[in-house]
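Structure below is protein_3.cif: mmCIF, C-alpha atoms.
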```cif
data_work
#
loop_
_atom_site.label_atom_id
_atom_site.label_comp_id
_atom_site.auth_asym_id
_atom_site.auth_seq_id
_atom_site.Cartn_x
_atom_site.Cartn_y
_atom_site.Cartn_z
CA MET K 1417 0.00 0.00 0.00
CA SER K 1418 2.95 2.31 0.60
CA GLY K 1419 3.63 2.46 -3.15
CA GLU K 1420 0.12 3.53 -4.10
CA GLY K 1421 0.66 7.19 -3.16
CA PRO K 1422 3.54 7.86 -5.59
CA PHE K 1423 1.80 5.81 -8.28
CA ILE K 1424 -1.41 7.83 -7.95
CA GLU K 1425 0.60 11.04 -7.95
CA ARG K 1426 2.41 10.03 -11.14
CA ARG K 1427 -0.86 9.11 -12.82
CA GLY K 1428 -2.29 12.48 -11.83
CA GLU K 1429 0.68 14.30 -13.34
CA GLU K 1430 0.38 12.27 -16.55
CA ARG K 1431 -3.29 13.12 -16.86
CA ARG K 1432 -2.60 16.82 -16.27
CA GLY K 1433 0.08 16.65 -18.95
CA GLU K 1434 -2.35 15.00 -21.36
CA ASP K 1435 -4.96 17.66 -20.63
CA ILE K 1436 -2.41 20.42 -21.30
CA VAL K 1437 -1.42 18.81 -24.61
CA ARG K 1438 -5.03 18.44 -25.76
CA ALA K 1439 -5.88 22.00 -24.75
CA ASN K 1440 -2.92 23.42 -26.71
CA MET K 1441 -3.11 21.33 -29.87
CA PRO K 1442 -4.73 24.25 -31.75
CA LEU K 1443 -1.55 26.25 -31.01
CA VAL K 1444 0.44 23.78 -33.12
CA GLY K 1445 -2.05 24.22 -35.96
CA HIS K 1446 -1.67 28.01 -35.79
CA LEU K 1447 2.12 27.82 -35.84
CA VAL K 1448 2.13 25.37 -38.74
CA ARG K 1449 -0.20 27.59 -40.77
CA GLU K 1450 2.04 30.56 -40.00
CA MET K 1451 5.07 28.58 -41.20
CA LEU K 1452 3.37 27.26 -44.35
CA ALA K 1453 2.62 30.84 -45.41
CA ARG K 1454 6.37 31.48 -45.64
CA VAL K 1455 7.77 28.31 -47.22
CA PRO K 1456 7.58 26.69 -50.68
CA SER K 1457 4.43 24.76 -51.55
CA HIS K 1458 6.22 21.39 -51.61
CA VAL K 1459 6.62 21.41 -47.81
CA ASN K 1460 4.28 18.79 -46.38
CA ARG K 1461 1.79 20.05 -43.78
CA ASP K 1462 1.46 16.68 -42.06
CA ASP K 1463 5.23 16.44 -41.52
CA LEU K 1464 5.20 19.82 -39.80
CA LEU K 1465 2.19 18.90 -37.68
CA SER K 1466 3.85 15.67 -36.58
CA ALA K 1467 7.01 17.51 -35.52
CA GLY K 1468 4.94 20.21 -33.79
CA TYR K 1469 2.84 17.75 -31.79
CA ALA K 1470 5.95 15.88 -30.67
CA ALA K 1471 7.46 19.17 -29.48
CA LEU K 1472 4.21 20.02 -27.67
CA VAL K 1473 4.32 16.73 -25.74
CA SER K 1474 7.97 17.34 -24.86
CA ALA K 1475 7.13 20.86 -23.70
CA ALA K 1476 4.33 19.55 -21.46
CA ARG K 1477 6.74 17.15 -19.81
CA GLY K 1478 9.38 19.82 -19.20
CA PHE K 1479 7.05 22.65 -18.17
CA ASP K 1480 7.53 24.19 -14.73
CA ALA K 1481 4.64 26.45 -13.75
CA GLU K 1482 6.65 27.94 -10.89
CA ARG K 1483 8.81 29.88 -13.36
CA GLY K 1484 5.86 32.17 -14.06
CA VAL K 1485 5.89 31.69 -17.84
CA PRO K 1486 2.52 30.81 -19.43
CA PHE K 1487 2.55 27.34 -20.93
CA ALA K 1488 1.36 28.56 -24.33
CA ARG K 1489 4.35 30.89 -24.65
CA PHE K 1490 6.76 28.22 -23.38
CA ALA K 1491 5.36 25.65 -25.80
CA ALA K 1492 5.29 28.06 -28.76
CA ALA K 1493 9.05 28.52 -28.54
CA ARG K 1494 9.60 24.75 -28.42
CA VAL K 1495 7.23 24.10 -31.33
CA ARG K 1496 8.74 26.81 -33.51
CA GLY K 1497 12.18 25.34 -32.90
CA ALA K 1498 10.97 21.88 -33.86
CA LEU K 1499 9.35 23.21 -37.05
CA LEU K 1500 12.58 24.93 -38.05
CA ASP K 1501 14.52 21.73 -37.42
CA GLU K 1502 12.04 19.83 -39.59
CA LEU K 1503 12.43 22.37 -42.40
CA ARG K 1504 16.21 22.18 -42.20
CA GLY K 1505 15.93 18.42 -42.55
CA LEU K 1506 13.97 18.91 -45.77
CA ASP K 1507 16.82 20.88 -47.33
CA TRP K 1508 18.19 18.35 -49.82
CA ALA K 1509 21.12 20.44 -51.00
CA SER K 1510 24.39 18.62 -50.36
CA ARG K 1511 27.41 20.20 -48.72
CA SER K 1512 29.17 20.28 -52.09
CA VAL K 1513 26.29 22.30 -53.59
CA ARG K 1514 26.58 24.86 -50.79
CA GLN K 1515 30.36 25.01 -51.14
CA ARG K 1516 30.14 25.62 -54.90
CA ALA K 1517 27.61 28.38 -54.30
CA ARG K 1518 29.93 30.07 -51.82
CA ARG K 1519 32.83 29.88 -54.28
CA VAL K 1520 30.69 31.47 -57.00
CA ASP K 1521 29.61 34.29 -54.65
CA ALA K 1522 33.21 34.92 -53.56
CA ALA K 1523 34.42 35.01 -57.17
CA ARG K 1524 31.62 37.37 -58.18
CA GLU K 1525 32.40 39.80 -55.34
CA GLU K 1526 36.12 39.75 -56.15
CA LEU K 1527 35.41 40.52 -59.80
CA MET K 1528 33.03 43.33 -58.82
CA ALA K 1529 35.83 44.92 -56.80
CA GLU K 1530 38.36 44.46 -59.62
CA LEU K 1531 36.18 45.55 -62.53
CA GLY K 1532 34.09 48.22 -60.82
CA ARG K 1533 30.91 46.65 -62.21
CA THR K 1534 28.89 43.46 -62.03
CA PRO K 1535 30.80 40.69 -63.81
CA THR K 1536 29.13 38.58 -66.46
CA VAL K 1537 28.45 34.92 -65.86
CA GLN K 1538 31.13 34.09 -68.41
CA GLU K 1539 33.70 36.14 -66.49
CA VAL K 1540 32.80 34.36 -63.26
CA ALA K 1541 33.06 31.02 -65.02
CA ASP K 1542 36.47 31.92 -66.44
CA LYS K 1543 37.73 32.90 -62.99
CA LEU K 1544 36.54 29.59 -61.50
CA GLY K 1545 37.67 27.51 -64.47
CA CYS K 1546 34.23 26.11 -65.20
CA THR K 1547 31.45 26.61 -67.75
CA VAL K 1548 28.49 28.98 -67.67
CA GLU K 1549 26.19 25.96 -67.56
CA ASP K 1550 27.92 24.72 -64.39
CA ILE K 1551 27.24 28.02 -62.64
CA GLU K 1552 23.61 28.22 -63.79
CA HIS K 1553 22.92 24.62 -62.77
CA GLY K 1554 24.53 25.22 -59.38
CA GLU K 1555 22.45 28.33 -58.75
CA GLY K 1556 19.33 26.42 -59.75
CA ASP K 1557 20.15 23.69 -57.23
CA VAL K 1558 20.59 26.23 -54.45
CA HIS K 1559 17.37 28.11 -55.25
CA ARG K 1560 15.35 24.90 -55.30
CA ALA K 1561 16.85 23.84 -51.99
CA THR K 1562 16.21 27.13 -50.23
CA VAL K 1563 13.49 26.74 -47.64
CA PHE K 1564 12.99 30.40 -46.71
CA SER K 1565 12.76 33.39 -49.00
CA LEU K 1566 11.66 36.99 -48.89
CA GLN K 1567 8.12 35.65 -49.31
CA GLY K 1568 8.23 35.35 -45.54
CA PHE K 1569 7.66 39.09 -45.34
CA ALA K 1570 4.34 38.87 -47.19
CA THR K 1571 1.25 39.94 -45.29
CA ALA K 1572 -0.45 37.03 -43.53
CA THR K 1573 -4.18 36.51 -43.22
CA ALA K 1574 -6.07 36.55 -39.95
CA ASP K 1575 -6.14 32.74 -39.80
CA ASP K 1576 -2.33 32.68 -39.88
CA ILE K 1577 -1.88 34.82 -36.78
CA VAL K 1578 -0.80 32.86 -33.71
CA THR K 1579 -3.13 33.52 -30.80
CA GLU K 1580 -0.31 33.29 -28.26
CA PRO K 1581 2.58 35.45 -29.47
CA GLY K 1582 5.99 33.97 -28.88
CA ALA K 1583 7.85 37.29 -28.99
CA GLY K 1584 8.04 39.59 -26.02
CA PRO K 1585 7.69 43.38 -26.34
CA GLU K 1586 11.43 43.96 -26.83
CA GLU K 1587 11.80 41.19 -29.41
CA MET K 1588 8.72 42.42 -31.26
CA LEU K 1589 10.18 45.94 -31.51
CA LEU K 1590 13.44 44.55 -32.87
CA ARG K 1591 11.53 42.44 -35.40
CA ARG K 1592 9.52 45.45 -36.54
CA GLU K 1593 12.68 47.53 -36.83
CA ARG K 1594 14.35 44.84 -38.96
CA PHE K 1595 11.37 44.75 -41.28
CA GLY K 1596 11.44 48.53 -41.59
CA TYR K 1597 15.13 48.43 -42.49
CA LEU K 1598 14.41 45.74 -45.09
CA ARG K 1599 11.72 47.87 -46.72
CA HIS K 1600 13.99 50.90 -46.80
CA ALA K 1601 16.92 48.82 -48.06
CA VAL K 1602 14.82 47.57 -50.98
CA GLU K 1603 13.58 51.08 -51.75
CA ALA K 1604 17.18 52.40 -51.71
CA LEU K 1605 18.44 49.87 -54.26
CA PRO K 1606 19.40 51.13 -57.72
CA GLU K 1607 16.39 51.11 -60.02
CA ARG K 1608 17.21 47.95 -62.00
CA LEU K 1609 18.07 45.96 -58.88
CA ARG K 1610 14.93 47.18 -57.14
CA THR K 1611 12.80 46.16 -60.14
CA VAL K 1612 14.26 42.65 -60.03
CA VAL K 1613 13.78 42.21 -56.26
CA GLN K 1614 10.23 43.54 -56.24
CA GLY K 1615 9.23 41.59 -59.34
CA TYR K 1616 10.83 38.29 -58.38
CA PHE K 1617 10.26 38.14 -54.62
CA PHE K 1618 7.27 40.37 -53.86
CA GLU K 1619 5.22 40.11 -57.07
CA GLU K 1620 6.36 36.51 -57.80
CA ARG K 1621 6.72 37.23 -61.50
CA PRO K 1622 8.54 34.75 -63.76
CA MET K 1623 12.12 35.68 -64.52
CA VAL K 1624 11.38 35.68 -68.25
CA GLN K 1625 8.84 38.52 -67.77
CA ILE K 1626 11.26 40.59 -65.72
CA ALA K 1627 13.93 40.03 -68.37
CA ALA K 1628 11.53 41.21 -71.10
CA ASP K 1629 10.64 44.37 -69.17
CA LEU K 1630 14.31 45.23 -68.64
CA GLY K 1631 15.34 44.22 -72.15
CA VAL K 1632 17.99 41.77 -70.91
CA SER K 1633 18.47 38.00 -70.81
CA GLU K 1634 17.22 35.72 -68.03
CA SER K 1635 20.85 35.05 -67.13
CA ARG K 1636 21.35 38.78 -66.62
CA VAL K 1637 18.28 38.94 -64.37
CA SER K 1638 19.70 36.11 -62.28
CA GLN K 1639 22.93 38.04 -62.06
CA LEU K 1640 21.13 41.21 -60.96
CA ARG K 1641 19.17 39.27 -58.36
CA ALA K 1642 22.38 37.86 -56.86
CA GLU K 1643 23.92 41.34 -56.78
CA ALA K 1644 20.82 42.80 -55.10
CA LEU K 1645 20.77 40.12 -52.40
CA VAL K 1646 24.43 40.76 -51.58
CA LEU K 1647 23.73 44.49 -51.30
CA LEU K 1648 20.67 43.91 -49.13
CA ARG K 1649 22.55 41.54 -46.84
CA ASP K 1650 25.50 43.87 -46.39
CA GLY K 1651 23.28 46.94 -46.04
CA LEU K 1652 21.18 45.36 -43.31
CA ASN K 1653 24.24 44.02 -41.49
CA THR K 1654 25.84 47.48 -41.57
CA HIS K 1655 22.94 48.96 -39.62
CA LEU K 1656 21.66 46.00 -37.59
CA ASP K 1657 24.68 43.76 -37.04
CA PRO K 1658 27.90 45.75 -37.48
CA ALA K 1659 29.96 42.80 -36.23
CA MET K 1660 28.79 40.74 -39.22
CA ALA K 1661 29.51 43.60 -41.60
CA ALA K 1662 33.00 44.04 -40.14
CA GLU K 1663 33.86 40.44 -41.02
CA ASN K 1664 33.69 41.24 -44.75
CA PRO K 1665 34.56 44.92 -45.20
CA PRO K 1666 34.31 46.29 -48.77
CA LYS K 1667 37.57 46.82 -50.62
CA GLU K 1668 38.69 50.33 -51.46
CA GLY K 1669 37.72 51.89 -54.78
CA CYS K 1670 34.62 53.04 -56.64
CA VAL K 1671 32.66 49.89 -55.72
CA ALA K 1672 33.30 50.50 -52.02
CA ARG K 1673 32.24 54.14 -52.37
CA ARG K 1674 29.01 53.19 -54.13
CA ARG K 1675 28.26 50.66 -51.42
CA ALA K 1676 28.93 53.19 -48.68
CA ALA K 1677 26.58 55.63 -50.41
CA TYR K 1678 23.92 52.92 -50.57
CA TYR K 1679 24.29 52.17 -46.84
CA ASP K 1680 23.93 55.89 -46.05
CA LYS K 1681 20.85 56.06 -48.26
CA ILE K 1682 19.20 53.28 -46.25
CA ALA K 1683 19.76 55.18 -43.02
CA SER K 1684 18.51 58.47 -44.47
CA ARG K 1685 15.19 57.02 -45.62
CA GLY K 1686 13.68 57.08 -42.18
CA THR K 1687 13.91 57.00 -38.42
CA LEU K 1688 13.07 54.35 -35.87
CA ARG K 1689 9.53 55.75 -35.69
CA THR K 1690 8.93 55.64 -39.45
CA ARG K 1691 10.32 52.11 -39.65
CA LEU K 1692 8.05 50.93 -36.85
CA ASP K 1693 5.11 52.61 -38.60
CA LEU K 1694 5.50 50.12 -41.48
CA THR K 1695 4.14 47.34 -39.24
CA GLY K 1696 1.37 47.01 -36.71
CA PRO K 1697 1.81 46.13 -33.02
CA ASP K 1698 1.60 42.45 -34.01
CA GLY K 1699 4.59 42.81 -36.33
CA LEU K 1700 2.62 42.29 -39.54
CA PRO K 1701 3.25 44.67 -42.47
CA LEU K 1702 0.72 47.41 -43.00
CA ALA K 1703 -0.71 48.03 -46.44
CA ALA K 1704 1.21 50.62 -48.44
#
```
Before we go any further, please render this structure as structure tokens.
Amino acid sequence: MSGEGPFIERRGEERRGEDIVRANMPLVGHLVREMLARVPSHVNRDDLLSAGYAALVSAARGFDAERGVPFARFAAARVRGALLDELRGLDWASRSVRQRARRVDAAREELMAELGRTPTVQEVADKLGCTVEDIEHGEGDVHRATVFSLQGFATATADDIVTEPGAGPEEMLLRRERFGYLRHAVEALPERLRTVVQGYFFEERPMVQIAADLGVSESRVSQLRAEALVLLRDGLNTHLDPAMAAENPPKEGCVARRRAAYYDKIASRGTLRTRLDLTGPDGLPLAA
């Protein structure tokens, strides 16, 4: 009889854990819908749900109410982490594909510094000792393997909003500021680069249409897209993560001066207040 007390207590804890899991299952559905709105259509919803429910059960087992954190917020962080891990597992790009992509990016940036302009695909191929087809196939592999894209900044619908926000007030302000910087960084891009970014990422137009509008080849559009993403990355790092920007400082010359002017243009487009005004208190973009 002495063992009945601990056994009953364990059973009671298990039942409470089961009740918590059942009560918070809709939270997993909300987070999965939020994630599906930002990833390619080939991502399987059931796979994400399975990973989310497993994380929810794990969160229920490790939850300590005495810490003063609501379970929904505690579980949301665990579930989001599990969903990201599941998405990373779906990335089929091999290490060699990633390494080739990094070599192409490094060669392109070196040529930009040397030539004072964006190099052609043929020039990049010559520098790497490969063919144009090798570079285009490699870029295609990387783009197909990419799980996240700038589509993640698209406005979500009401059904996609998580009822229990995972971000605290400070994190939400930082998120809204980052989005504001992104908007201003896109607006500050040179006209042709801005047209490519807006058409390809925000309007989801085929590359052949963008090429026709600009009067260039699809290969040139791909080249402009790569150049724009490098500028956006470095521009955002300059203002939001100077340590990252310091790791790869621009070389001296006209290219470095143009980049510095672009970074200054991002900063001059607004203030903290105007950047925050681009999103609502929930962090979602407001209509232009």
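Comparing K:Ala1628, K:Ala1481, K:Leu1694, K:Val1540 by their smallest distance to Gly1615 of chain K, the closest is K:Ala1628 (using all atoms listed in the file).
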What do you get, as number ranges by chain, if you spell out every residue that the PyMOL selection byres ((chain K and resi 1520-1522) around 10) selects here?
-> K: 1514-1519, 1523-1528, 1537, 1540-1541, 1543-1544, 1551, 1554-1555, 1642-1643, 1646
Residue neighbourhood Arg1675 of chain K, 9 Å, only C-alpha atoms, exclusion window fewer than 5 positions, as a PyMOL selection string | chain K and resi 1647+1650-1651+1666+1670+1680
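Distance-wise, atom CA of Val1444 of chain K and atom CA of Glu1586 of chain K end up 23.8 Å apart.
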Residues at most 10 Å from Pro1697 of chain K, counting all atoms listed in the file, excluding those fewer than 6 positions away in the same chain, as number ranges by chain?
-> K: 1585, 1588-1589, 1592
Nearest to His1600 of chain K, chosen from K:Ala1683, K:Ala1471, K:Val1632, K:Ala1677, with only C-alpha atoms counted in the distances | K:Ala1683
How would segment 1602-1626 of chain K read, as a tab-separated table (two decimals), in the frame of the given file, once N, CA, C and O atoms are built in?
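For reference, part-v1.tsv as written:
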```
chain	number	residue	atom	x	y	z
K	1602	VAL	N	15.32	47.88	-49.64
K	1602	VAL	CA	14.82	47.57	-50.98
K	1602	VAL	C	14.54	48.86	-51.75
K	1602	VAL	O	14.89	48.99	-52.92
K	1603	GLU	N	13.91	49.82	-51.08
K	1603	GLU	CA	13.58	51.08	-51.75
K	1603	GLU	C	14.84	51.85	-52.16
K	1603	GLU	O	14.82	52.60	-53.14
K	1604	ALA	N	15.94	51.66	-51.42
K	1604	ALA	CA	17.18	52.40	-51.71
K	1604	ALA	C	18.03	51.74	-52.78
K	1604	ALA	O	19.02	52.31	-53.22
K	1605	LEU	N	17.66	50.54	-53.22
K	1605	LEU	CA	18.44	49.87	-54.26
K	1605	LEU	C	18.41	50.67	-55.56
K	1605	LEU	O	17.45	51.39	-55.85
K	1606	PRO	N	19.46	50.55	-56.37
K	1606	PRO	CA	19.40	51.13	-57.72
K	1606	PRO	C	18.18	50.60	-58.47
K	1606	PRO	O	17.71	49.49	-58.20
K	1607	GLU	N	17.69	51.39	-59.40
K	1607	GLU	CA	16.39	51.11	-60.02
K	1607	GLU	C	16.30	49.70	-60.60
K	1607	GLU	O	15.31	48.99	-60.37
K	1608	ARG	N	17.29	49.26	-61.36
K	1608	ARG	CA	17.21	47.95	-62.00
K	1608	ARG	C	17.21	46.83	-60.96
K	1608	ARG	O	16.44	45.86	-61.07
K	1609	LEU	N	18.04	46.98	-59.94
K	1609	LEU	CA	18.07	45.96	-58.88
K	1609	LEU	C	16.75	45.94	-58.12
K	1609	LEU	O	16.24	44.88	-57.77
K	1610	ARG	N	16.21	47.11	-57.85
K	1610	ARG	CA	14.93	47.18	-57.14
K	1610	ARG	C	13.81	46.54	-57.96
K	1610	ARG	O	12.95	45.83	-57.43
K	1611	THR	N	13.82	46.77	-59.27
K	1611	THR	CA	12.80	46.16	-60.14
K	1611	THR	C	12.88	44.64	-60.08
K	1611	THR	O	11.85	43.96	-60.02
K	1612	VAL	N	14.09	44.10	-60.08
K	1612	VAL	CA	14.26	42.65	-60.03
K	1612	VAL	C	13.77	42.09	-58.70
K	1612	VAL	O	13.03	41.10	-58.66
K	1613	VAL	N	14.17	42.71	-57.59
K	1613	VAL	CA	13.78	42.21	-56.26
K	1613	VAL	C	12.26	42.27	-56.08
K	1613	VAL	O	11.63	41.31	-55.63
K	1614	GLN	N	11.68	43.41	-56.42
K	1614	GLN	CA	10.23	43.54	-56.24
K	1614	GLN	C	9.46	42.59	-57.16
K	1614	GLN	O	8.49	41.96	-56.75
K	1615	GLY	N	9.92	42.47	-58.41
K	1615	GLY	CA	9.23	41.59	-59.34
K	1615	GLY	C	9.36	40.13	-58.99
K	1615	GLY	O	8.39	39.37	-59.03
K	1616	TYR	N	10.58	39.72	-58.62
K	1616	TYR	CA	10.83	38.29	-58.38
K	1616	TYR	C	10.31	37.83	-57.03
K	1616	TYR	O	9.64	36.79	-56.94
K	1617	PHE	N	10.59	38.59	-55.96
K	1617	PHE	CA	10.26	38.14	-54.62
K	1617	PHE	C	8.88	38.58	-54.16
K	1617	PHE	O	8.13	37.80	-53.56
K	1618	PHE	N	8.52	39.85	-54.39
K	1618	PHE	CA	7.27	40.37	-53.86
K	1618	PHE	C	6.08	40.13	-54.79
K	1618	PHE	O	4.99	39.81	-54.33
K	1619	GLU	N	6.30	40.31	-56.10
K	1619	GLU	CA	5.22	40.11	-57.07
K	1619	GLU	C	5.19	38.69	-57.63
K	1619	GLU	O	4.24	38.33	-58.33
K	1620	GLU	N	6.25	37.90	-57.37
K	1620	GLU	CA	6.36	36.51	-57.80
K	1620	GLU	C	6.18	36.37	-59.31
K	1620	GLU	O	5.51	35.47	-59.80
K	1621	ARG	N	6.81	37.28	-60.04
K	1621	ARG	CA	6.72	37.23	-61.50
K	1621	ARG	C	7.80	36.30	-62.05
K	1621	ARG	O	8.90	36.21	-61.49
K	1622	PRO	N	7.52	35.60	-63.15
K	1622	PRO	CA	8.54	34.75	-63.76
K	1622	PRO	C	9.74	35.58	-64.21
K	1622	PRO	O	9.60	36.73	-64.62
K	1623	MET	N	10.90	34.97	-64.16
K	1623	MET	CA	12.12	35.68	-64.52
K	1623	MET	C	12.10	36.12	-65.98
K	1623	MET	O	12.66	37.15	-66.33
K	1624	VAL	N	11.42	35.33	-66.84
K	1624	VAL	CA	11.38	35.68	-68.25
K	1624	VAL	C	10.62	37.00	-68.46
K	1624	VAL	O	10.97	37.80	-69.33
K	1625	GLN	N	9.59	37.26	-67.66
K	1625	GLN	CA	8.84	38.52	-67.77
K	1625	GLN	C	9.69	39.70	-67.31
K	1625	GLN	O	9.68	40.76	-67.95
K	1626	ILE	N	10.40	39.51	-66.21
K	1626	ILE	CA	11.26	40.59	-65.72
K	1626	ILE	C	12.34	40.90	-66.75
K	1626	ILE	O	12.66	42.06	-67.01
```
